[in-house]
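This report refers to the structure that appears directly beneath it.
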Amino acid sequence: MNSLFCRVLCSLLCTGLLVCTVSCRPSPKPLSQADLERLAVEFAGFLSKGSPAGAVKMMDDTMKSLLPEAKLTELWAGLTAQLGEYLSSPGTRYAEEGGYRVVYVTLAFASAEVDMKVVFDATGKVSGLWFGQPRIAGTGTYTPPEYADRDSFVETECTVGAGQWQLPATLAMPAGGGPFPAVVLVHGSGPNDRDETIGPNKPFRDLAWGLASRGVAVLRYEKRTKQYQGEITDLAGFTADQETVEDAVAAVALLRATAGVDPDAVFVLGHSMGAMMAPRIAARLAAGEGCPPAGLIFMAGNARDLLTLLVEQSEYIAGLDGQVSDTEEAQLAQLRSQVSTVRDGKLAPGEVLLGASQAYWADLLAYDQVEAAKGLDLPMLFLQGERDYQVTMEDFGLWREALGGRPGVVFKSYPALNHLFMAGEGRSKPADYAVPGNVAQDVVEDVAAWVKGL
């Protein structure tokens with residue numbers, strides 16, 4: 001599903017990228033930058049070579065209690081299960097952030113790179129550890145879609161929310177006086193930027209520009225776990241409400257108060273985990289402001305829980321080459337065991353596993369998005385790429401089984417499209433996200449027609 005969590009690591013899986021957050025206090029700086037970079041690389045080496053005991057010896061007492069050898073082993077197994085074989089540590093970067101001295105170590109795996117953020121105390125002990133969002137190496141650069149007419153809309157910068165968690169945002173407003181229907185874009189899992197960038201691709205920018213070119217205002221914003229990934233340090237009570245719901249509710253409120261927007265025609269469009277949380281967002285709007293959104297758009301929304309998808313996606317990736325090695329099977333077995341621990345409620349309060357805390361998993365496992373959607377009297381549009389291996393046609397079928405035939409609920413799937421709603425051929429794979437593309441024009445046309453037709 002971002003960062004704050006072990007977020008689906010490589011291929012935007014539907015759960016969060018791992019972060020193990022700890023308490024770190026500012027301290028004197030007796031060690032040189034070169035010393036700290038050397039220690040960070042040494043720490044990464046212990047992890048990559050399967051020597052967690054060496055890594056534990058480099059930690060302060062708090063870290064040792066939070067990440068003992070067994071937890072470090074699980075952590076690394078989770079990374080390699082999702083990102084493939086570890087290859088190298090091609091670089092480091094030193095920084096001073098909020099009074100802390102940190103080193104970012106780039107870890108290169110078979111299908112992506114991840115930055116490991118290592119925080120040091122005054123004595124050179126590791127006192128904090130984060131893993132950032134996976135980066136799939138691009139083979140090109142972003143190209144705006146041909147269906148976007150830049151002269152037909154204007155983009156302005158704005159802010160979603162207030163107080164501690166204000167988020168930079170971009171509003172794409174069609175030219176003319178309006179009032180226009182409007183859409184809030186809600187990210188999938190992980191610490192996504194406002195464009196939901198992955199490799200050279202920016203699916204949320206495609207949607208915003210395409211819809212704005214067709215007379216629909218679009219608001220997109222930095223996800224909280226992207227904008228504040230260094231500031232969110234208390235995982236004990238952190239749930240999908242703080243990760244996704246609260247900011248989406250604030251974004252809808254902002255659009256409703258924006259000149260030129262029809263306040264009665266503001267829709268929520270969720271992608272992947274954002275679609276999963278859309279029914280909760282709608283219910284929160286109805287309970288808080290007394291006014292739900294005009295409708296919900298589900299793009300690759302999972303009907304099953306994230307733990308099920310995490311295992312399914314990992315098994316799919318491991319088998320892409322036609323065989324599952326002994327190493328891969330051992331990693332999958334470890335993952336299944338961790339999933340069982342979470343699902344059986346065996347995590348202690350505050351305990352972190354699979355990149356998220358006990359509170360986070362308990363909240364999500366108690367949430368049934370399909371039942372929540374059934375309880376809403378709203379128009380809904382379900383869109384699904386048939387080549388999507390992250391959220392599959394099985395999920396699409398479950399949504400249709402639960403809601404098909406209801407007035408105002410529409411289903412459409414696209415044979416050639418993947419999880420990003422970009423076209424391709426053959427079996428979808430993580431490497432596809434490194435190929436530059438754009439959200440299919442049919443998807444943009446279908447969303448615009450549905451929104452404007454209500």
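In the structure tokens, chains take letters A, B, ... by order of appearance, with residues numbered from 1 within each chain and ligands from 1 in the order shown.
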
Open item on the list: List the spatial neighbours of Gly270 (chain A) as a list in words - criterion: any atom at most 9 Å away, only C-alpha atoms, same-chain residues fewer than 6 positions off excluded.
Closed with: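 What passes the distance filter is Val184, Leu185, Val186, His187, Gly188, Met276, Met277, Ala278, Leu296, Ile297, Phe298, Met299, Ala300 and Gly301 of chain A.
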
Those residues with N, CA, C and O atoms, as a compact mmCIF listing (two decimals), in the first residue's frame please?
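Result written to selection_4.txt:
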```txt
# COMPACT_ATOMS: atom_id res chain seq x y z
N VAL A 184 -11.72 14.60 -6.87
CA VAL A 184 -10.55 14.49 -6.01
C VAL A 184 -9.88 13.16 -6.30
O VAL A 184 -10.54 12.11 -6.30
N LEU A 185 -8.58 13.17 -6.53
CA LEU A 185 -7.83 11.94 -6.81
C LEU A 185 -7.20 11.43 -5.50
O LEU A 185 -6.46 12.17 -4.84
N VAL A 186 -7.49 10.18 -5.15
CA VAL A 186 -6.99 9.59 -3.91
C VAL A 186 -6.01 8.47 -4.24
O VAL A 186 -6.36 7.51 -4.94
N HIS A 187 -4.80 8.59 -3.74
CA HIS A 187 -3.69 7.71 -4.09
C HIS A 187 -3.89 6.25 -3.69
O HIS A 187 -4.61 5.93 -2.77
N GLY A 188 -3.11 5.41 -4.37
CA GLY A 188 -2.94 4.04 -3.92
C GLY A 188 -1.95 3.99 -2.78
O GLY A 188 -1.53 5.01 -2.23
N MET A 276 -10.18 1.35 -2.40
CA MET A 276 -10.60 0.54 -1.26
C MET A 276 -11.17 1.42 -0.15
O MET A 276 -12.17 1.08 0.50
N MET A 277 -10.55 2.57 0.08
CA MET A 277 -10.97 3.45 1.16
C MET A 277 -12.08 4.40 0.75
O MET A 277 -12.60 5.14 1.60
N ALA A 278 -12.48 4.42 -0.52
CA ALA A 278 -13.49 5.37 -0.99
C ALA A 278 -14.81 5.27 -0.23
O ALA A 278 -15.40 6.30 0.11
N LEU A 296 -18.71 7.91 -6.47
CA LEU A 296 -17.40 7.31 -6.25
C LEU A 296 -16.93 6.63 -7.53
O LEU A 296 -17.71 5.96 -8.21
N ILE A 297 -15.65 6.79 -7.82
CA ILE A 297 -15.02 6.14 -8.97
C ILE A 297 -13.93 5.22 -8.44
O ILE A 297 -12.99 5.68 -7.78
N PHE A 298 -14.07 3.94 -8.70
CA PHE A 298 -13.13 2.92 -8.23
C PHE A 298 -12.24 2.50 -9.39
O PHE A 298 -12.71 1.85 -10.33
N MET A 299 -10.97 2.85 -9.36
CA MET A 299 -10.02 2.41 -10.38
C MET A 299 -9.12 1.35 -9.74
O MET A 299 -8.32 1.66 -8.86
N ALA A 300 -9.28 0.10 -10.18
CA ALA A 300 -8.50 -1.02 -9.64
C ALA A 300 -8.65 -1.10 -8.13
O ALA A 300 -7.69 -1.24 -7.39
N GLY A 301 -9.88 -1.04 -7.66
CA GLY A 301 -10.13 -1.14 -6.23
C GLY A 301 -10.19 -2.59 -5.78
O GLY A 301 -10.90 -3.40 -6.36
```

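The space between CA of Glu97 (chain A) and CA of Asp247 (chain A) spans 25.1 Å.
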
Please list as a PDB file with C-alpha atoms, in the first residue's frame every residue within 12 Å of Pro68 (chain A), counting only C-alpha atoms and excluding residues in the same chain fewer than 5 positions away.
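As a result, around_25.pdb now contains:
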```pdb
ATOM      1  CA  SER A  51      24.022 -11.462   9.312  1.00  0.00           C
ATOM      2  CA  PRO A  52      21.414  -9.669  11.433  1.00  0.00           C
ATOM      3  CA  ALA A  53      23.477 -10.149  14.592  1.00  0.00           C
ATOM      4  CA  GLY A  54      26.094  -7.783  13.199  1.00  0.00           C
ATOM      5  CA  ALA A  55      23.457  -5.180  12.421  1.00  0.00           C
ATOM      6  CA  VAL A  56      21.956  -5.475  15.913  1.00  0.00           C
ATOM      7  CA  LYS A  57      25.363  -4.816  17.494  1.00  0.00           C
ATOM      8  CA  MET A  58      25.431  -1.479  15.662  1.00  0.00           C
ATOM      9  CA  MET A  59      22.107  -0.306  17.195  1.00  0.00           C
ATOM     10  CA  ASP A  60      21.339   1.644  20.338  1.00  0.00           C
ATOM     11  CA  ASP A  61      19.319  -0.025  23.096  1.00  0.00           C
ATOM     12  CA  THR A  62      15.947   1.256  21.866  1.00  0.00           C
ATOM     13  CA  MET A  63      16.542  -0.051  18.368  1.00  0.00           C
ATOM     14  CA  THR A  73      15.465 -11.225   9.176  1.00  0.00           C
ATOM     15  CA  GLU A  74      11.757 -10.797   8.494  1.00  0.00           C
ATOM     16  CA  LEU A  75      12.350  -7.281   7.233  1.00  0.00           C
TER      17      LEU A  75
END
```

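Distances from A:Pro179, A:Ala81, A:Lys125, A:Ala172 to Val261 (chain A) were compared using only C-alpha atoms, and the smallest one belongs to A:Pro179.
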
Taking the chain letters and numbering used in this document, name the residues of region 64-302 of chain A that DSSP puts in strand (DSSP E), as a compact mmCIF listing (two decimals) with N, CA, C and O atoms, in the first residue's frame.
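Full text of selection-v1.txt as output:
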```txt
# COMPACT_ATOMS: atom_id res chain seq x y z
N TYR A 86 18.79 -9.11 -4.01
CA TYR A 86 19.62 -7.94 -3.70
C TYR A 86 20.85 -7.96 -4.60
O TYR A 86 21.51 -8.98 -4.78
N LEU A 87 21.21 -6.79 -5.17
CA LEU A 87 22.33 -6.72 -6.10
C LEU A 87 23.52 -5.94 -5.54
O LEU A 87 24.64 -6.42 -5.56
N SER A 88 23.26 -4.72 -5.03
CA SER A 88 24.38 -3.89 -4.59
C SER A 88 23.88 -2.68 -3.83
O SER A 88 22.67 -2.43 -3.74
N SER A 89 24.83 -1.92 -3.28
CA SER A 89 24.54 -0.62 -2.67
C SER A 89 25.31 0.43 -3.45
O SER A 89 26.47 0.74 -3.11
N PRO A 90 24.72 0.99 -4.50
CA PRO A 90 25.48 1.82 -5.43
C PRO A 90 25.80 3.23 -4.96
O PRO A 90 26.59 3.92 -5.61
N GLY A 91 25.24 3.67 -3.83
CA GLY A 91 25.57 5.02 -3.41
C GLY A 91 25.03 5.38 -2.05
O GLY A 91 24.17 4.69 -1.49
N THR A 92 25.58 6.46 -1.48
CA THR A 92 25.11 6.98 -0.20
C THR A 92 24.92 8.49 -0.32
O THR A 92 25.49 9.15 -1.20
N ARG A 93 24.12 9.03 0.60
CA ARG A 93 23.92 10.48 0.65
C ARG A 93 23.76 10.89 2.11
O ARG A 93 22.95 10.32 2.83
N TYR A 94 24.57 11.87 2.52
CA TYR A 94 24.55 12.35 3.90
C TYR A 94 23.60 13.53 4.02
O TYR A 94 23.48 14.35 3.10
N ALA A 95 22.91 13.64 5.16
CA ALA A 95 22.03 14.79 5.39
C ALA A 95 21.90 15.04 6.88
O ALA A 95 22.16 14.16 7.71
N GLU A 96 21.54 16.28 7.22
CA GLU A 96 21.20 16.65 8.58
C GLU A 96 19.76 17.13 8.56
O GLU A 96 19.43 18.09 7.85
N GLU A 97 18.89 16.45 9.30
CA GLU A 97 17.47 16.72 9.23
C GLU A 97 16.91 16.88 10.64
O GLU A 97 16.93 15.93 11.43
N TYR A 100 19.12 15.82 13.40
CA TYR A 100 19.61 14.44 13.33
C TYR A 100 20.61 14.30 12.19
O TYR A 100 20.50 14.95 11.15
N ARG A 101 21.56 13.42 12.38
CA ARG A 101 22.54 13.09 11.33
C ARG A 101 22.13 11.76 10.71
O ARG A 101 21.99 10.75 11.40
N VAL A 102 21.91 11.77 9.41
CA VAL A 102 21.39 10.58 8.73
C VAL A 102 22.20 10.30 7.48
O VAL A 102 22.81 11.19 6.88
N VAL A 103 22.17 9.05 7.09
CA VAL A 103 22.78 8.63 5.83
C VAL A 103 21.75 7.81 5.06
O VAL A 103 21.14 6.88 5.61
N TYR A 104 21.55 8.17 3.80
CA TYR A 104 20.68 7.41 2.91
C TYR A 104 21.56 6.46 2.10
O TYR A 104 22.49 6.89 1.40
N VAL A 105 21.28 5.17 2.22
CA VAL A 105 22.01 4.16 1.46
C VAL A 105 21.07 3.61 0.38
O VAL A 105 19.99 3.12 0.69
N THR A 106 21.47 3.72 -0.86
CA THR A 106 20.66 3.17 -1.95
C THR A 106 20.89 1.67 -2.03
O THR A 106 22.04 1.21 -2.12
N LEU A 107 19.80 0.91 -1.97
CA LEU A 107 19.85 -0.54 -2.08
C LEU A 107 19.24 -0.94 -3.42
O LEU A 107 18.09 -0.62 -3.70
N ALA A 108 20.03 -1.60 -4.25
CA ALA A 108 19.55 -2.01 -5.57
C ALA A 108 19.15 -3.47 -5.54
O ALA A 108 19.95 -4.34 -5.18
N PHE A 109 17.89 -3.73 -5.90
CA PHE A 109 17.37 -5.08 -6.02
C PHE A 109 17.07 -5.36 -7.49
O PHE A 109 17.22 -4.48 -8.35
N GLU A 113 14.99 0.01 -6.86
CA GLU A 113 15.91 0.53 -5.86
C GLU A 113 15.11 1.13 -4.70
O GLU A 113 14.02 1.65 -4.90
N VAL A 114 15.70 1.05 -3.50
CA VAL A 114 15.07 1.61 -2.30
C VAL A 114 16.15 2.36 -1.53
O VAL A 114 17.28 1.90 -1.42
N ASP A 115 15.79 3.53 -0.99
CA ASP A 115 16.71 4.24 -0.11
C ASP A 115 16.46 3.82 1.33
O ASP A 115 15.33 3.91 1.83
N MET A 116 17.51 3.37 1.99
CA MET A 116 17.45 3.04 3.40
C MET A 116 18.01 4.24 4.17
O MET A 116 19.16 4.63 3.98
N LYS A 117 17.18 4.82 5.03
CA LYS A 117 17.58 5.98 5.83
C LYS A 117 18.04 5.51 7.19
O LYS A 117 17.26 4.93 7.95
N VAL A 118 19.31 5.75 7.50
CA VAL A 118 19.90 5.32 8.77
C VAL A 118 20.21 6.55 9.61
O VAL A 118 20.93 7.44 9.17
N VAL A 119 19.64 6.59 10.81
CA VAL A 119 19.85 7.71 11.73
C VAL A 119 20.86 7.30 12.80
O VAL A 119 20.77 6.19 13.35
N PHE A 120 21.82 8.20 13.10
CA PHE A 120 22.88 7.88 14.06
C PHE A 120 22.81 8.77 15.29
O PHE A 120 22.43 9.96 15.21
N VAL A 126 23.19 3.14 15.56
CA VAL A 126 21.99 3.33 14.74
C VAL A 126 20.80 3.53 15.67
O VAL A 126 20.49 2.67 16.48
N SER A 127 20.14 4.69 15.54
CA SER A 127 19.02 5.01 16.43
C SER A 127 17.72 5.24 15.68
O SER A 127 16.71 5.59 16.27
N GLY A 128 17.73 5.03 14.37
CA GLY A 128 16.51 5.16 13.58
C GLY A 128 16.70 4.51 12.22
O GLY A 128 17.81 4.49 11.68
N LEU A 129 15.63 3.96 11.67
CA LEU A 129 15.72 3.25 10.40
C LEU A 129 14.42 3.38 9.62
O LEU A 129 13.36 3.10 10.15
N TRP A 130 14.54 3.84 8.39
CA TRP A 130 13.38 3.93 7.49
C TRP A 130 13.75 3.30 6.14
O TRP A 130 14.91 3.32 5.73
N PHE A 131 12.75 2.80 5.45
CA PHE A 131 12.91 2.38 4.06
C PHE A 131 11.94 3.18 3.22
O PHE A 131 10.75 3.23 3.50
N PHE A 153 -7.35 24.47 -19.90
CA PHE A 153 -7.46 24.51 -18.44
C PHE A 153 -6.26 25.25 -17.86
O PHE A 153 -5.25 25.45 -18.53
N VAL A 154 -6.41 25.65 -16.60
CA VAL A 154 -5.35 26.36 -15.89
C VAL A 154 -5.06 25.62 -14.59
O VAL A 154 -5.99 25.19 -13.89
N GLU A 155 -3.78 25.46 -14.25
CA GLU A 155 -3.40 24.83 -12.99
C GLU A 155 -2.95 25.88 -12.00
O GLU A 155 -2.17 26.78 -12.33
N THR A 156 -3.41 25.75 -10.76
CA THR A 156 -2.98 26.63 -9.68
C THR A 156 -2.57 25.79 -8.48
O THR A 156 -3.10 24.70 -8.26
N GLU A 157 -1.64 26.32 -7.71
CA GLU A 157 -1.19 25.64 -6.50
C GLU A 157 -2.09 26.03 -5.34
O GLU A 157 -2.53 27.18 -5.22
N CYS A 158 -2.37 25.09 -4.48
CA CYS A 158 -3.22 25.33 -3.32
C CYS A 158 -2.79 24.39 -2.19
O CYS A 158 -1.79 23.68 -2.32
N THR A 159 -3.53 24.40 -1.10
CA THR A 159 -3.18 23.60 0.06
C THR A 159 -4.39 22.82 0.55
O THR A 159 -5.48 23.39 0.71
N VAL A 160 -4.22 21.53 0.76
CA VAL A 160 -5.27 20.69 1.32
C VAL A 160 -5.05 20.55 2.81
O VAL A 160 -3.95 20.23 3.27
N LEU A 167 -1.07 19.93 3.10
CA LEU A 167 -0.48 19.23 1.96
C LEU A 167 -0.47 20.11 0.72
O LEU A 167 -1.51 20.66 0.33
N PRO A 168 0.68 20.24 0.05
CA PRO A 168 0.72 20.96 -1.21
C PRO A 168 -0.15 20.24 -2.25
O PRO A 168 -0.16 19.01 -2.31
N ALA A 169 -0.87 21.02 -3.04
CA ALA A 169 -1.83 20.43 -3.98
C ALA A 169 -1.86 21.24 -5.27
O ALA A 169 -1.38 22.38 -5.32
N THR A 170 -2.41 20.64 -6.30
CA THR A 170 -2.58 21.30 -7.59
C THR A 170 -4.02 21.14 -8.05
O THR A 170 -4.55 20.03 -8.06
N LEU A 171 -4.63 22.26 -8.41
CA LEU A 171 -5.99 22.25 -8.94
C LEU A 171 -5.95 22.54 -10.43
O LEU A 171 -5.41 23.56 -10.86
N ALA A 172 -6.48 21.61 -11.23
CA ALA A 172 -6.62 21.81 -12.68
C ALA A 172 -8.05 22.25 -12.94
O ALA A 172 -8.99 21.47 -12.75
N MET A 173 -8.22 23.51 -13.37
CA MET A 173 -9.55 24.09 -13.55
C MET A 173 -9.80 24.37 -15.03
O MET A 173 -9.02 25.06 -15.67
N PRO A 174 -10.89 23.83 -15.58
CA PRO A 174 -11.21 24.10 -16.99
C PRO A 174 -11.39 25.60 -17.23
O PRO A 174 -11.81 26.35 -16.34
N PHE A 180 -18.23 23.81 -12.71
CA PHE A 180 -17.80 22.55 -13.29
C PHE A 180 -17.95 21.42 -12.27
O PHE A 180 -17.76 21.64 -11.07
N PRO A 181 -18.24 20.21 -12.75
CA PRO A 181 -18.09 19.06 -11.86
C PRO A 181 -16.61 18.91 -11.52
O PRO A 181 -15.74 19.41 -12.25
N ALA A 182 -16.32 18.24 -10.41
CA ALA A 182 -14.94 18.15 -9.96
C ALA A 182 -14.65 16.78 -9.37
O ALA A 182 -15.56 16.09 -8.89
N VAL A 183 -13.37 16.40 -9.40
CA VAL A 183 -12.93 15.10 -8.91
C VAL A 183 -11.72 15.28 -8.01
O VAL A 183 -10.79 16.02 -8.34
N VAL A 184 -11.72 14.60 -6.87
CA VAL A 184 -10.55 14.49 -6.01
C VAL A 184 -9.88 13.16 -6.30
O VAL A 184 -10.54 12.11 -6.30
N LEU A 185 -8.58 13.17 -6.53
CA LEU A 185 -7.83 11.94 -6.81
C LEU A 185 -7.20 11.43 -5.50
O LEU A 185 -6.46 12.17 -4.84
N VAL A 186 -7.49 10.18 -5.15
CA VAL A 186 -6.99 9.59 -3.91
C VAL A 186 -6.01 8.47 -4.24
O VAL A 186 -6.36 7.51 -4.94
N ALA A 217 -13.04 19.74 -13.30
CA ALA A 217 -11.97 20.21 -12.42
C ALA A 217 -11.39 19.03 -11.65
O ALA A 217 -12.13 18.12 -11.25
N VAL A 218 -10.08 19.05 -11.40
CA VAL A 218 -9.42 17.92 -10.72
C VAL A 218 -8.45 18.46 -9.68
O VAL A 218 -7.62 19.33 -9.98
N LEU A 219 -8.54 17.92 -8.46
CA LEU A 219 -7.62 18.27 -7.39
C LEU A 219 -6.77 17.06 -7.04
O LEU A 219 -7.29 15.97 -6.79
N ARG A 220 -5.47 17.26 -7.04
CA ARG A 220 -4.55 16.20 -6.63
C ARG A 220 -3.54 16.80 -5.65
O ARG A 220 -3.22 17.99 -5.73
N TYR A 221 -3.04 15.98 -4.72
CA TYR A 221 -2.22 16.50 -3.63
C TYR A 221 -1.18 15.47 -3.21
O TYR A 221 -1.30 14.27 -3.50
N VAL A 261 -16.42 25.69 -9.09
CA VAL A 261 -16.75 24.27 -8.91
C VAL A 261 -18.20 24.15 -8.44
O VAL A 261 -18.64 24.90 -7.57
N ASP A 262 -18.92 23.21 -9.01
CA ASP A 262 -20.28 22.91 -8.56
C ASP A 262 -20.17 22.11 -7.27
O ASP A 262 -19.74 20.95 -7.30
N PRO A 263 -20.53 22.67 -6.11
CA PRO A 263 -20.34 21.96 -4.84
C PRO A 263 -21.19 20.70 -4.71
O PRO A 263 -20.89 19.84 -3.88
N ASP A 264 -22.21 20.58 -5.55
CA ASP A 264 -23.06 19.39 -5.51
C ASP A 264 -22.59 18.32 -6.49
O ASP A 264 -23.24 17.29 -6.63
N ALA A 265 -21.47 18.58 -7.17
CA ALA A 265 -20.97 17.63 -8.17
C ALA A 265 -19.49 17.36 -7.96
O ALA A 265 -18.69 17.39 -8.89
N VAL A 266 -19.12 17.11 -6.70
CA VAL A 266 -17.74 16.77 -6.36
C VAL A 266 -17.65 15.26 -6.13
O VAL A 266 -18.36 14.72 -5.27
N PHE A 267 -16.81 14.60 -6.89
CA PHE A 267 -16.66 13.15 -6.87
C PHE A 267 -15.33 12.74 -6.25
O PHE A 267 -14.36 13.51 -6.28
N VAL A 268 -15.26 11.54 -5.73
CA VAL A 268 -14.01 10.96 -5.22
C VAL A 268 -13.59 9.83 -6.15
O VAL A 268 -14.35 8.89 -6.40
N LEU A 269 -12.37 9.96 -6.69
CA LEU A 269 -11.79 8.91 -7.53
C LEU A 269 -10.62 8.30 -6.78
O LEU A 269 -9.63 8.97 -6.52
N GLY A 270 -10.74 7.03 -6.43
CA GLY A 270 -9.67 6.34 -5.74
C GLY A 270 -9.01 5.31 -6.63
O GLY A 270 -9.68 4.61 -7.39
N HIS A 271 -7.70 5.24 -6.55
CA HIS A 271 -6.94 4.23 -7.29
C HIS A 271 -6.36 3.22 -6.31
O HIS A 271 -5.75 3.59 -5.30
N LEU A 296 -18.71 7.91 -6.47
CA LEU A 296 -17.40 7.31 -6.25
C LEU A 296 -16.93 6.63 -7.53
O LEU A 296 -17.71 5.96 -8.21
N ILE A 297 -15.65 6.79 -7.82
CA ILE A 297 -15.02 6.14 -8.97
C ILE A 297 -13.93 5.22 -8.44
O ILE A 297 -12.99 5.68 -7.78
N PHE A 298 -14.07 3.94 -8.70
CA PHE A 298 -13.13 2.92 -8.23
C PHE A 298 -12.24 2.50 -9.39
O PHE A 298 -12.71 1.85 -10.33
N MET A 299 -10.97 2.85 -9.36
CA MET A 299 -10.02 2.41 -10.38
C MET A 299 -9.12 1.35 -9.74
O MET A 299 -8.32 1.66 -8.86
```

- [ ] Might you pull out every residue within 8 Å of Phe204 (chain A), with only C-alpha atoms counted and same-chain residues fewer than 4 positions away left off, and present them as a list of chain:residue names?
- [x] A:Leu185, A:Arg194, A:Asp195, A:Glu196, A:Thr197, A:Ala208, A:Arg220

- [ ] Excluding region 378-394 of chain A and any residue of its chain fewer than 3 positions from it, enumerate the residues within 9 Å of it, using only C-alpha atoms, and give them as a PyMOL selection string.
- [x] chain A and resi 11-14+272+292-304+309-310+312-313+316+373+397-400+407-429+443+447+450+454

- [ ] Could you jot down the CA of Leu376 (chain A) to CA of Leu285 (chain A) separation for me, Å, one decimal place?
- [x] 11.7 Å

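Around Tyr147 (chain A), within 8 Å and counting only C-alpha atoms, the residues found are Gly210, Ser213 and Gln441 of chain A, once anything fewer than 6 positions away on its own chain is removed.
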
With all heavy atoms retained, write the just-selected residues as a CSV table (one decimal), in the first residue's frame.
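The resulting file, part01.csv, is shown below:
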```csv
chain,number,residue,atom,x,y,z
A,210,GLY,N,-6.3,15.2,-18.5
A,210,GLY,CA,-7.3,14.6,-19.5
A,210,GLY,C,-8.7,15.1,-19.1
A,210,GLY,O,-9.5,15.5,-19.9
A,213,SER,N,-9.3,18.8,-19.5
A,213,SER,CA,-9.4,19.1,-20.9
A,213,SER,C,-10.9,18.9,-21.4
A,213,SER,O,-11.3,19.3,-22.4
A,213,SER,CB,-8.5,18.3,-21.8
A,213,SER,OG,-7.1,18.6,-21.5
A,441,GLN,N,-6.7,6.7,-23.1
A,441,GLN,CA,-7.7,7.7,-23.4
A,441,GLN,C,-9.1,7.2,-23.2
A,441,GLN,O,-9.9,8.0,-22.7
A,441,GLN,CB,-7.5,8.2,-24.9
A,441,GLN,CG,-8.5,9.4,-25.2
A,441,GLN,CD,-8.2,10.0,-26.5
A,441,GLN,OE1,-7.1,9.8,-27.1
A,441,GLN,NE2,-9.2,10.7,-27.1
```

Open item on the list: Which residues are close to region 30-34 of chain A, i.e. within 8 Å by only C-alpha atoms, leaving aside same-chain residues fewer than 6 positions away? Reply as a ChimeraX atom specification.
Closed with: /A:94,122-124
